[in-house]
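*Asks:* File final-v3.tsv below, TSV, C-alpha atoms:
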```
chain	number	residue	atom	x	y	z
A	134	MET	CA	4.79	-85.70	-34.97
A	135	SER	CA	2.93	-83.94	-32.19
A	136	SER	CA	2.13	-85.89	-29.03
A	137	ASP	CA	-0.71	-83.50	-28.11
A	138	ASP	CA	-3.86	-85.63	-28.25
A	139	SER	CA	-6.35	-82.82	-27.52
A	140	LEU	CA	-9.14	-82.71	-30.10
A	141	SER	CA	-10.99	-79.57	-31.17
A	142	PRO	CA	-13.29	-80.46	-34.08
A	143	GLY	CA	-14.22	-77.61	-36.38
A	144	ILE	CA	-16.01	-77.10	-39.69
A	145	PHE	CA	-14.49	-75.11	-42.55
A	146	PRO	CA	-15.82	-74.27	-46.04
A	147	ALA	CA	-14.02	-75.89	-48.95
A	148	GLY	CA	-15.09	-74.39	-52.25
A	149	PRO	CA	-18.71	-73.95	-53.35
A	150	ASP	CA	-19.90	-77.48	-52.60
A	151	ALA	CA	-17.74	-78.98	-49.86
A	152	LEU	CA	-16.81	-78.63	-46.21
A	153	LEU	CA	-13.92	-79.89	-44.12
A	154	VAL	CA	-14.26	-81.43	-40.67
A	155	ARG	CA	-10.93	-81.06	-38.85
A	156	PHE	CA	-10.05	-82.55	-35.46
A	157	ALA	CA	-6.64	-80.95	-34.84
A	158	LEU	CA	-4.01	-78.70	-36.36
A	159	THR	CA	-1.24	-81.31	-36.03
A	160	PRO	CA	-1.22	-85.02	-36.95
A	161	CYS	CA	-1.53	-86.46	-33.45
A	162	PRO	CA	-2.61	-90.13	-33.23
A	163	ALA	CA	-5.92	-89.31	-31.50
A	164	ALA	CA	-6.92	-86.94	-34.33
A	165	MET	CA	-5.96	-89.55	-36.93
A	166	ASP	CA	-8.12	-92.15	-35.19
A	167	ALA	CA	-11.01	-89.70	-34.90
A	168	ALA	CA	-10.89	-88.86	-38.61
A	169	GLN	CA	-10.96	-92.56	-39.51
A	170	VAL	CA	-13.89	-93.21	-37.17
A	171	LEU	CA	-15.90	-90.27	-38.53
A	172	ALA	CA	-15.21	-91.23	-42.16
A	173	ALA	CA	-16.28	-94.84	-41.51
A	174	ARG	CA	-19.50	-93.74	-39.81
A	175	LEU	CA	-20.38	-91.30	-42.56
A	176	ASP	CA	-19.60	-93.90	-45.21
A	177	ARG	CA	-22.02	-96.35	-43.56
A	178	ASP	CA	-24.76	-93.74	-43.12
A	179	PRO	CA	-24.08	-90.66	-45.27
A	180	PRO	CA	-26.11	-87.54	-44.53
A	181	ALA	CA	-28.63	-86.51	-47.18
A	182	GLY	CA	-27.02	-84.79	-50.11
A	183	VAL	CA	-23.43	-85.95	-49.51
A	184	THR	CA	-21.79	-87.06	-52.76
A	185	GLU	CA	-18.20	-87.71	-51.66
A	186	ILE	CA	-16.42	-88.56	-48.39
A	187	ALA	CA	-12.63	-88.17	-48.47
A	188	PRO	CA	-10.65	-88.71	-45.25
A	189	ALA	CA	-7.23	-87.15	-44.72
A	190	LEU	CA	-4.83	-87.51	-41.77
A	191	VAL	CA	-6.81	-85.46	-39.24
A	192	SER	CA	-9.81	-84.31	-41.27
A	193	VAL	CA	-12.64	-85.46	-43.49
A	194	LEU	CA	-13.76	-83.64	-46.63
A	195	LEU	CA	-17.45	-83.84	-47.51
A	196	ARG	CA	-18.71	-82.82	-50.93
A	197	PHE	CA	-22.45	-82.24	-51.24
A	198	ASP	CA	-25.21	-81.59	-53.76
A	199	ARG	CA	-26.42	-78.03	-53.18
A	200	ALA	CA	-29.84	-78.95	-54.62
A	201	ARG	CA	-30.36	-81.49	-51.83
A	202	THR	CA	-28.78	-79.88	-48.77
A	203	SER	CA	-27.12	-76.72	-47.54
A	204	ARG	CA	-23.67	-76.21	-46.10
A	205	SER	CA	-25.10	-75.03	-42.77
A	206	ALA	CA	-27.48	-78.00	-42.38
A	207	LEU	CA	-24.73	-80.47	-43.22
A	208	ALA	CA	-22.27	-78.71	-40.92
A	209	ASP	CA	-24.67	-78.93	-37.97
A	210	THR	CA	-25.21	-82.65	-38.50
A	211	VAL	CA	-21.57	-83.56	-38.96
A	212	LEU	CA	-20.21	-81.31	-36.21
A	213	ASP	CA	-22.45	-83.03	-33.66
A	214	GLN	CA	-20.97	-86.39	-34.68
A	215	ALA	CA	-17.41	-85.04	-34.63
A	216	ARG	CA	-17.85	-83.57	-31.16
A	217	ALA	CA	-19.23	-86.85	-29.84
A	218	ILE	CA	-16.20	-88.71	-31.23
A	219	ALA	CA	-13.81	-86.13	-29.77
A	220	ALA	CA	-15.45	-86.34	-26.34
A	221	GLN	CA	-14.97	-90.10	-26.07
A	222	PRO	CA	-12.45	-91.12	-28.74
A	223	PRO	CA	-13.09	-94.73	-29.80
A	224	ALA	CA	-10.55	-97.05	-31.36
A	225	PRO	CA	-10.29	-96.76	-35.14
A	226	PRO	CA	-12.59	-99.09	-37.07
A	227	ALA	CA	-11.31	-102.56	-37.89
A	228	ALA	CA	-9.84	-102.98	-41.36
A	229	VAL	CA	-12.16	-104.51	-43.93
A	230	ARG	CA	-9.36	-105.37	-46.38
A	231	ARG	CA	-5.69	-106.31	-46.08
A	232	TRP	CA	-3.03	-105.94	-48.78
A	233	THR	CA	0.13	-108.05	-48.52
A	234	ILE	CA	2.83	-106.31	-50.56
A	235	PRO	CA	6.31	-107.71	-51.39
A	236	ALA	CA	9.22	-105.29	-51.11
A	237	ALA	CA	13.01	-105.49	-51.39
A	238	PHE	CA	14.66	-103.83	-48.38
A	239	GLY	CA	18.06	-102.21	-48.02
A	240	GLY	CA	20.95	-101.79	-50.43
A	241	GLU	CA	20.11	-99.83	-53.56
A	242	ASN	CA	16.44	-100.55	-52.93
A	243	GLY	CA	16.56	-98.94	-49.49
A	244	PRO	CA	19.65	-96.74	-49.20
A	245	HIS	CA	18.54	-95.17	-45.88
A	246	LEU	CA	17.71	-98.42	-44.07
A	247	ASP	CA	21.10	-98.77	-42.35
A	248	ASP	CA	21.02	-95.16	-41.18
A	249	ILE	CA	17.52	-95.57	-39.75
A	250	ALA	CA	18.51	-98.76	-37.96
A	251	ASN	CA	21.50	-96.95	-36.48
A	252	LYS	CA	19.27	-94.11	-35.26
A	253	LEU	CA	16.95	-96.66	-33.63
A	254	SER	CA	19.90	-98.62	-32.12
A	255	ILE	CA	18.76	-101.82	-33.80
A	256	THR	CA	20.05	-103.94	-36.67
A	257	PRO	CA	18.74	-103.47	-40.22
A	258	LYS	CA	17.26	-106.98	-39.95
A	259	ALA	CA	15.34	-105.93	-36.84
A	260	ALA	CA	14.12	-102.77	-38.60
A	261	ILE	CA	12.80	-104.87	-41.49
A	262	ALA	CA	11.13	-107.24	-39.04
A	263	ARG	CA	9.40	-104.30	-37.36
A	264	ILE	CA	8.07	-102.96	-40.66
A	265	CYS	CA	6.87	-106.39	-41.78
A	266	GLY	CA	5.73	-107.71	-38.41
A	267	ASP	CA	2.35	-106.01	-38.01
A	268	ASP	CA	-0.50	-104.65	-40.06
A	269	LEU	CA	-0.27	-100.95	-40.81
A	270	ARG	CA	-3.17	-98.83	-42.07
A	271	VAL	CA	-3.74	-96.53	-45.01
A	272	LEU	CA	-4.35	-93.27	-43.15
A	273	SER	CA	-4.96	-91.09	-46.18
A	274	ILE	CA	-4.63	-90.93	-49.97
A	275	GLY	CA	-3.14	-87.75	-51.35
A	276	PHE	CA	-0.31	-85.59	-52.71
A	277	ALA	CA	-0.38	-87.62	-55.95
A	278	PRO	CA	-3.15	-89.85	-57.38
A	279	GLY	CA	-3.48	-93.02	-55.31
A	280	GLN	CA	-0.48	-92.25	-53.11
A	281	PRO	CA	-1.00	-93.65	-49.61
A	282	TYR	CA	0.16	-92.39	-46.25
A	283	ILE	CA	0.53	-95.52	-44.11
A	284	GLY	CA	1.01	-95.87	-40.35
A	285	LEU	CA	1.43	-95.44	-37.61
A	286	LEU	CA	4.84	-96.88	-36.81
A	287	PRO	CA	6.00	-96.99	-33.16
A	288	GLU	CA	6.97	-93.72	-31.48
A	289	GLU	CA	10.71	-94.32	-31.92
A	290	TRP	CA	10.11	-94.10	-35.69
A	291	ASP	CA	9.15	-90.43	-35.33
A	292	LEU	CA	12.07	-89.52	-37.58
A	293	PRO	CA	12.30	-86.07	-39.15
A	294	ARG	CA	12.46	-85.56	-42.88
A	295	LEU	CA	15.88	-85.24	-44.47
A	296	THR	CA	17.42	-81.78	-44.45
A	297	ASP	CA	18.12	-82.08	-48.20
A	298	MET	CA	15.77	-83.42	-50.86
A	299	THR	CA	16.62	-86.64	-52.65
A	300	PRO	CA	16.31	-85.60	-56.32
A	301	SER	CA	14.54	-88.81	-57.34
A	302	VAL	CA	13.43	-92.13	-55.90
A	303	PRO	CA	12.04	-94.79	-58.25
A	304	ALA	CA	8.45	-95.83	-58.80
A	305	GLY	CA	7.51	-98.22	-56.02
A	306	ALA	CA	9.87	-96.63	-53.49
A	307	VAL	CA	8.89	-97.22	-49.86
A	308	VAL	CA	9.91	-94.22	-47.77
A	309	VAL	CA	9.49	-93.30	-44.10
A	310	ALA	CA	9.30	-90.22	-41.87
A	311	VAL	CA	7.26	-89.01	-38.88
A	312	ARG	CA	6.00	-92.53	-38.05
A	313	GLN	CA	4.51	-92.95	-41.54
A	314	ILE	CA	5.26	-94.78	-44.77
A	315	VAL	CA	4.63	-93.49	-48.28
A	316	MET	CA	4.73	-95.60	-51.44
A	317	PHE	CA	5.44	-93.63	-54.62
A	318	GLY	CA	3.50	-94.57	-57.73
A	319	GLY	CA	6.10	-92.92	-59.96
A	320	ALA	CA	9.60	-91.54	-59.70
A	321	SER	CA	9.63	-88.51	-57.40
A	322	ALA	CA	11.79	-86.14	-55.41
A	323	THR	CA	11.36	-86.57	-51.67
A	324	GLY	CA	12.66	-85.54	-48.30
A	325	TRP	CA	11.66	-88.90	-46.79
A	326	ARG	CA	14.04	-91.81	-46.22
A	327	GLN	CA	13.89	-94.73	-48.66
A	328	ILE	CA	13.99	-98.15	-46.98
A	329	ALA	CA	12.66	-100.43	-49.73
A	330	ARG	CA	11.27	-100.77	-53.24
A	331	SER	CA	8.10	-102.56	-54.32
A	332	ALA	CA	6.61	-103.27	-57.75
A	333	PHE	CA	3.21	-102.01	-56.56
A	334	ARG	CA	1.89	-99.08	-58.59
A	335	THR	CA	-0.52	-96.99	-56.59
A	336	PHE	CA	-2.06	-95.41	-59.71
A	337	LEU	CA	-2.45	-96.65	-63.27
A	338	PRO	CA	-5.06	-94.69	-65.26
A	339	ASP	CA	-6.02	-97.64	-67.49
A	340	ARG	CA	-6.38	-100.14	-64.63
A	341	SER	CA	-9.72	-100.91	-62.98
A	342	PRO	CA	-9.75	-99.47	-60.44
A	343	PRO	CA	-6.93	-97.02	-61.22
A	344	MET	CA	-6.22	-96.50	-57.48
A	345	PRO	CA	-6.56	-99.86	-55.68
A	346	LEU	CA	-5.84	-98.70	-52.13
A	347	ARG	CA	-8.50	-97.15	-49.91
A	348	PRO	CA	-8.23	-95.24	-46.63
A	349	GLY	CA	-8.55	-97.73	-43.80
A	350	ASP	CA	-7.02	-100.67	-45.72
A	351	ALA	CA	-4.56	-102.77	-43.75
A	352	ILE	CA	-1.08	-103.07	-45.25
A	353	ARG	CA	1.32	-105.94	-44.49
A	354	TYR	CA	4.77	-105.81	-46.11
A	355	VAL	CA	6.74	-108.99	-46.80
A	356	ALA	CA	10.47	-108.96	-47.56
A	357	ALA	CA	11.40	-110.23	-51.03
A	358	PRO	CA	14.66	-110.40	-53.03
A	359	GLU	CA	15.43	-107.69	-55.56
A	360	SER	CA	15.18	-110.20	-58.43
A	361	GLU	CA	11.59	-111.01	-57.47
A	362	ILE	CA	10.62	-107.34	-57.39
A	363	ASP	CA	12.19	-106.83	-60.82
A	364	MET	CA	10.18	-109.79	-62.17
A	365	LEU	CA	6.93	-108.57	-60.56
A	366	ALA	CA	7.45	-105.11	-62.04
A	367	ARG	CA	6.99	-106.62	-65.50
A	368	ASN	CA	3.40	-107.67	-64.72
A	369	SER	CA	0.91	-105.49	-66.56
A	370	ASP	CA	-1.54	-105.28	-63.65
A	371	GLY	CA	0.85	-103.06	-61.69
A	372	LEU	CA	0.01	-104.83	-58.42
A	373	GLY	CA	3.55	-106.08	-57.98
A	374	GLY	CA	2.51	-109.43	-56.53
A	375	ALA	CA	0.31	-107.82	-53.88
A	376	LYS	CA	-2.46	-110.01	-52.51
A	377	LEU	CA	-5.82	-108.63	-51.35
A	378	GLU	CA	-7.68	-110.34	-48.52
A	379	VAL	CA	-11.23	-109.36	-47.55
A	380	LEU	CA	-11.44	-109.46	-43.75
A	381	ALA	CA	-15.12	-108.73	-43.20
```
Starting from the file, lay out its structure as structure tokens.
*Replies:*
Amino acid sequence: MSSDDSLSPGIFPAGPDALLVRFALTPCPAAMDAAQVLAARLDRDPPAGVTEIAPALVSVLLRFDRARTSRSALADTVLDQARAIAAQPPAPPAAVRRWTIPAAFGGENGPHLDDIANKLSITPKAAIARICGDDLRVLSIGFAPGQPYIGLLPEEWDLPRLTDMTPSVPAGAVVVAVRQIVMFGGASATGWRQIARSAFRTFLPDRSPPMPLRPGDAIRYVAAPESEIDMLARNSDGLGGAKLEVLA
């Protein structure tokens, strides 16, 4: 992950009724924070005509009603806000919600945990403690329905992706790379390193809501035995024993 924290906000068209506000070309921490701040501000006070606000790692997508506003008018309004944030980057907004999610670490549930611990010159137990010790944040939802990108982990966790793809990790797999965590809602190929498995399903089309996580949510993992995860996976709600706490 790039350590260049310079921000250069720009506006780009995205289809007939959307625009993208981007703070940087690479996922530097300052750009991630800026995208979260802008998305939170726009969510609290959306410009006229905006129908959807979708934050990504270093950008925010805005969809708008062309009968109520124009791309140029919206771009002028939003670019002013983005430039103000880039000029004096504030801390990301405080989390409104926290999910506590059980996960089984290591062994068959996390076949890359020992290797990661070795790379970090710590024990697997210490690596688990670091993952579970602090709140992380949902930085973005994407790639697959409901799939979260969670972070940021400390700088020493800036681990590259694997050189070869793992053909399949199971639903609920917790994988890491480039200071981030991804939880897979279904079995998937990946180049990220699997450290754990949860029974949390990030997307179930018949559940309300189908995608329970939101950008900006706090995530706290708690270590659990494999037998508990297997039992939680049988629950029809697909939440895998996760608990939601409203913080504000």
*Asks:* Expressed in Å to a single decimal, how great is the separation between atom CA of A:Leu175 and atom CA of A:Leu337?
*Replies:*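 Atom-to-atom, atom CA of A:Leu175 to atom CA of A:Leu337, that is 27.9 Å.
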*Asks:* Would you list the residues near (21.8, -97.4, -52.8), meaning any protein, DNA or RNA residue with an atom at most 12 Å from that point in file coordinates, counting all atoms listed in the file, as number ranges by chain?
*Replies:* A: 238-248, 299, 302-303, 306, 326-330
*Asks:* Can those selected residues be exported to a file as a short mmCIF file (atom, residue, chain, number, x, y, z; two decimals), keeping the file's coordinate frame so that it contains C-alpha atoms?
*Replies:*
```cif
data_model
loop_
_atom_site.label_atom_id
_atom_site.label_comp_id
_atom_site.auth_asym_id
_atom_site.auth_seq_id
_atom_site.Cartn_x
_atom_site.Cartn_y
_atom_site.Cartn_z
CA PHE A 238 14.66 -103.83 -48.38
CA GLY A 239 18.06 -102.21 -48.02
CA GLY A 240 20.95 -101.79 -50.43
CA GLU A 241 20.11 -99.83 -53.56
CA ASN A 242 16.44 -100.55 -52.93
CA GLY A 243 16.56 -98.94 -49.49
CA PRO A 244 19.65 -96.74 -49.20
CA HIS A 245 18.54 -95.17 -45.88
CA LEU A 246 17.71 -98.42 -44.07
CA ASP A 247 21.10 -98.77 -42.35
CA ASP A 248 21.02 -95.16 -41.18
CA THR A 299 16.62 -86.64 -52.65
CA VAL A 302 13.43 -92.13 -55.90
CA PRO A 303 12.04 -94.79 -58.25
CA ALA A 306 9.87 -96.63 -53.49
CA ARG A 326 14.04 -91.81 -46.22
CA GLN A 327 13.89 -94.73 -48.66
CA ILE A 328 13.99 -98.15 -46.98
CA ALA A 329 12.66 -100.43 -49.73
CA ARG A 330 11.27 -100.77 -53.24
#
```
*Asks:* Between atom CA of A:Ser141 and atom CA of A:Leu158, what is the spacing in Å?
*Replies:*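 About the pair atom CA of A:Leu158 and atom CA of A:Ser141: they are 8.7 Å apart.
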*Asks:* For each of A:Pro226, A:Gly318, A:Pro142, A:Pro162, take the minimum atom-to-atom distance to A:Ile274, counting all atoms listed in the file, then give the residue where this is smallest.
*Replies:* A:Gly318
*Asks:* Which residue is closest to A:Thr159? Choose from A:Ala172, A:Val183, A:Val191, A:Leu377 and count all atoms listed in the file.
*Replies:*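 With all atoms listed in the file as the atom set, the closest residue is A:Val191.
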*Asks:* At a cut-off of 12 Å, using only C-alpha atoms, what residues contact A:Ala217? Leave out same-chain residues fewer than 4 positions from it and give the result as a PyMOL selection string.
*Replies:* chain A and resi 140-142+156+167+170-171+210-213+221-223
*Asks:* Distance cut-off 10 Å, centre (-11.9, -111.1, -41.9) in file coordinates, counting all atoms listed in the file: which residues qualify? Return them as number ranges by chain.
*Replies:* A: 227-231, 378-381
*Asks:* Give me, as a PDB file with C-alpha atoms, in the coordinates of the input, all polymer residues having an atom no more than 9 Å from A:Arg199, counting all atoms listed in the file and skipping those fewer than 3 positions away in the same chain.
*Replies:*
```
ATOM      1  CA  PRO A 149     -18.710 -73.950 -53.350  1.00  0.00           C
ATOM      2  CA  ASP A 150     -19.900 -77.480 -52.600  1.00  0.00           C
ATOM      3  CA  GLY A 182     -27.020 -84.790 -50.110  1.00  0.00           C
ATOM      4  CA  THR A 202     -28.780 -79.880 -48.770  1.00  0.00           C
ATOM      5  CA  SER A 203     -27.120 -76.720 -47.540  1.00  0.00           C
ATOM      6  CA  ARG A 204     -23.670 -76.210 -46.100  1.00  0.00           C
TER       7      ARG A 204
END
```
*Asks:* I'd like the neighbourhood of A:Met316 as a PyMOL selection string, where a residue qualifies if any of its atoms comes within 12 Å (using only C-alpha atoms), though same-chain residues fewer than 3 positions away should be ignored.
*Replies:* chain A and resi 234+236+271+273-284+302-310+313+319-321+323+325-336+346+352+354
*Asks:* Which distance in Å separates atom CA of A:Leu295 and atom CA of A:Ile255, to one decimal?
*Replies:*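 That distance, rounded to one decimal, is 19.9 Å.
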*Asks:* Could you check which of A:Ala187, A:Ala164, A:Ala181, A:Leu372 is closest to A:Ala200, using all atoms listed in the file?
*Replies:* A:Ala181
*Asks:* Restricting the calculation to all atoms listed in the file, which member of A:Val315, A:Ala322, A:Leu152, A:Val193 is positioned closest to A:Asp176?
*Replies:*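 Ranked by minimum distance to A:Asp176, first place goes to A:Val193.
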*Asks:* For each of A:Ser341, A:Asp297, A:Phe145, A:Lys258, take the minimum atom-to-atom distance to A:Leu194, counting only C-alpha atoms, then give the residue where this is smallest.
*Replies:*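 With only C-alpha atoms as the atom set, the closest residue is A:Phe145.
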*Asks:* So, with all atoms listed in the file as the atoms that count, which of A:Leu253, A:Ala147, A:Leu207, A:Cys265 lies closest to A:Ala237?
*Replies:*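 Of A:Leu253, A:Ala147, A:Leu207, A:Cys265, the one nearest A:Ala237 is A:Cys265, counting all atoms listed in the file.
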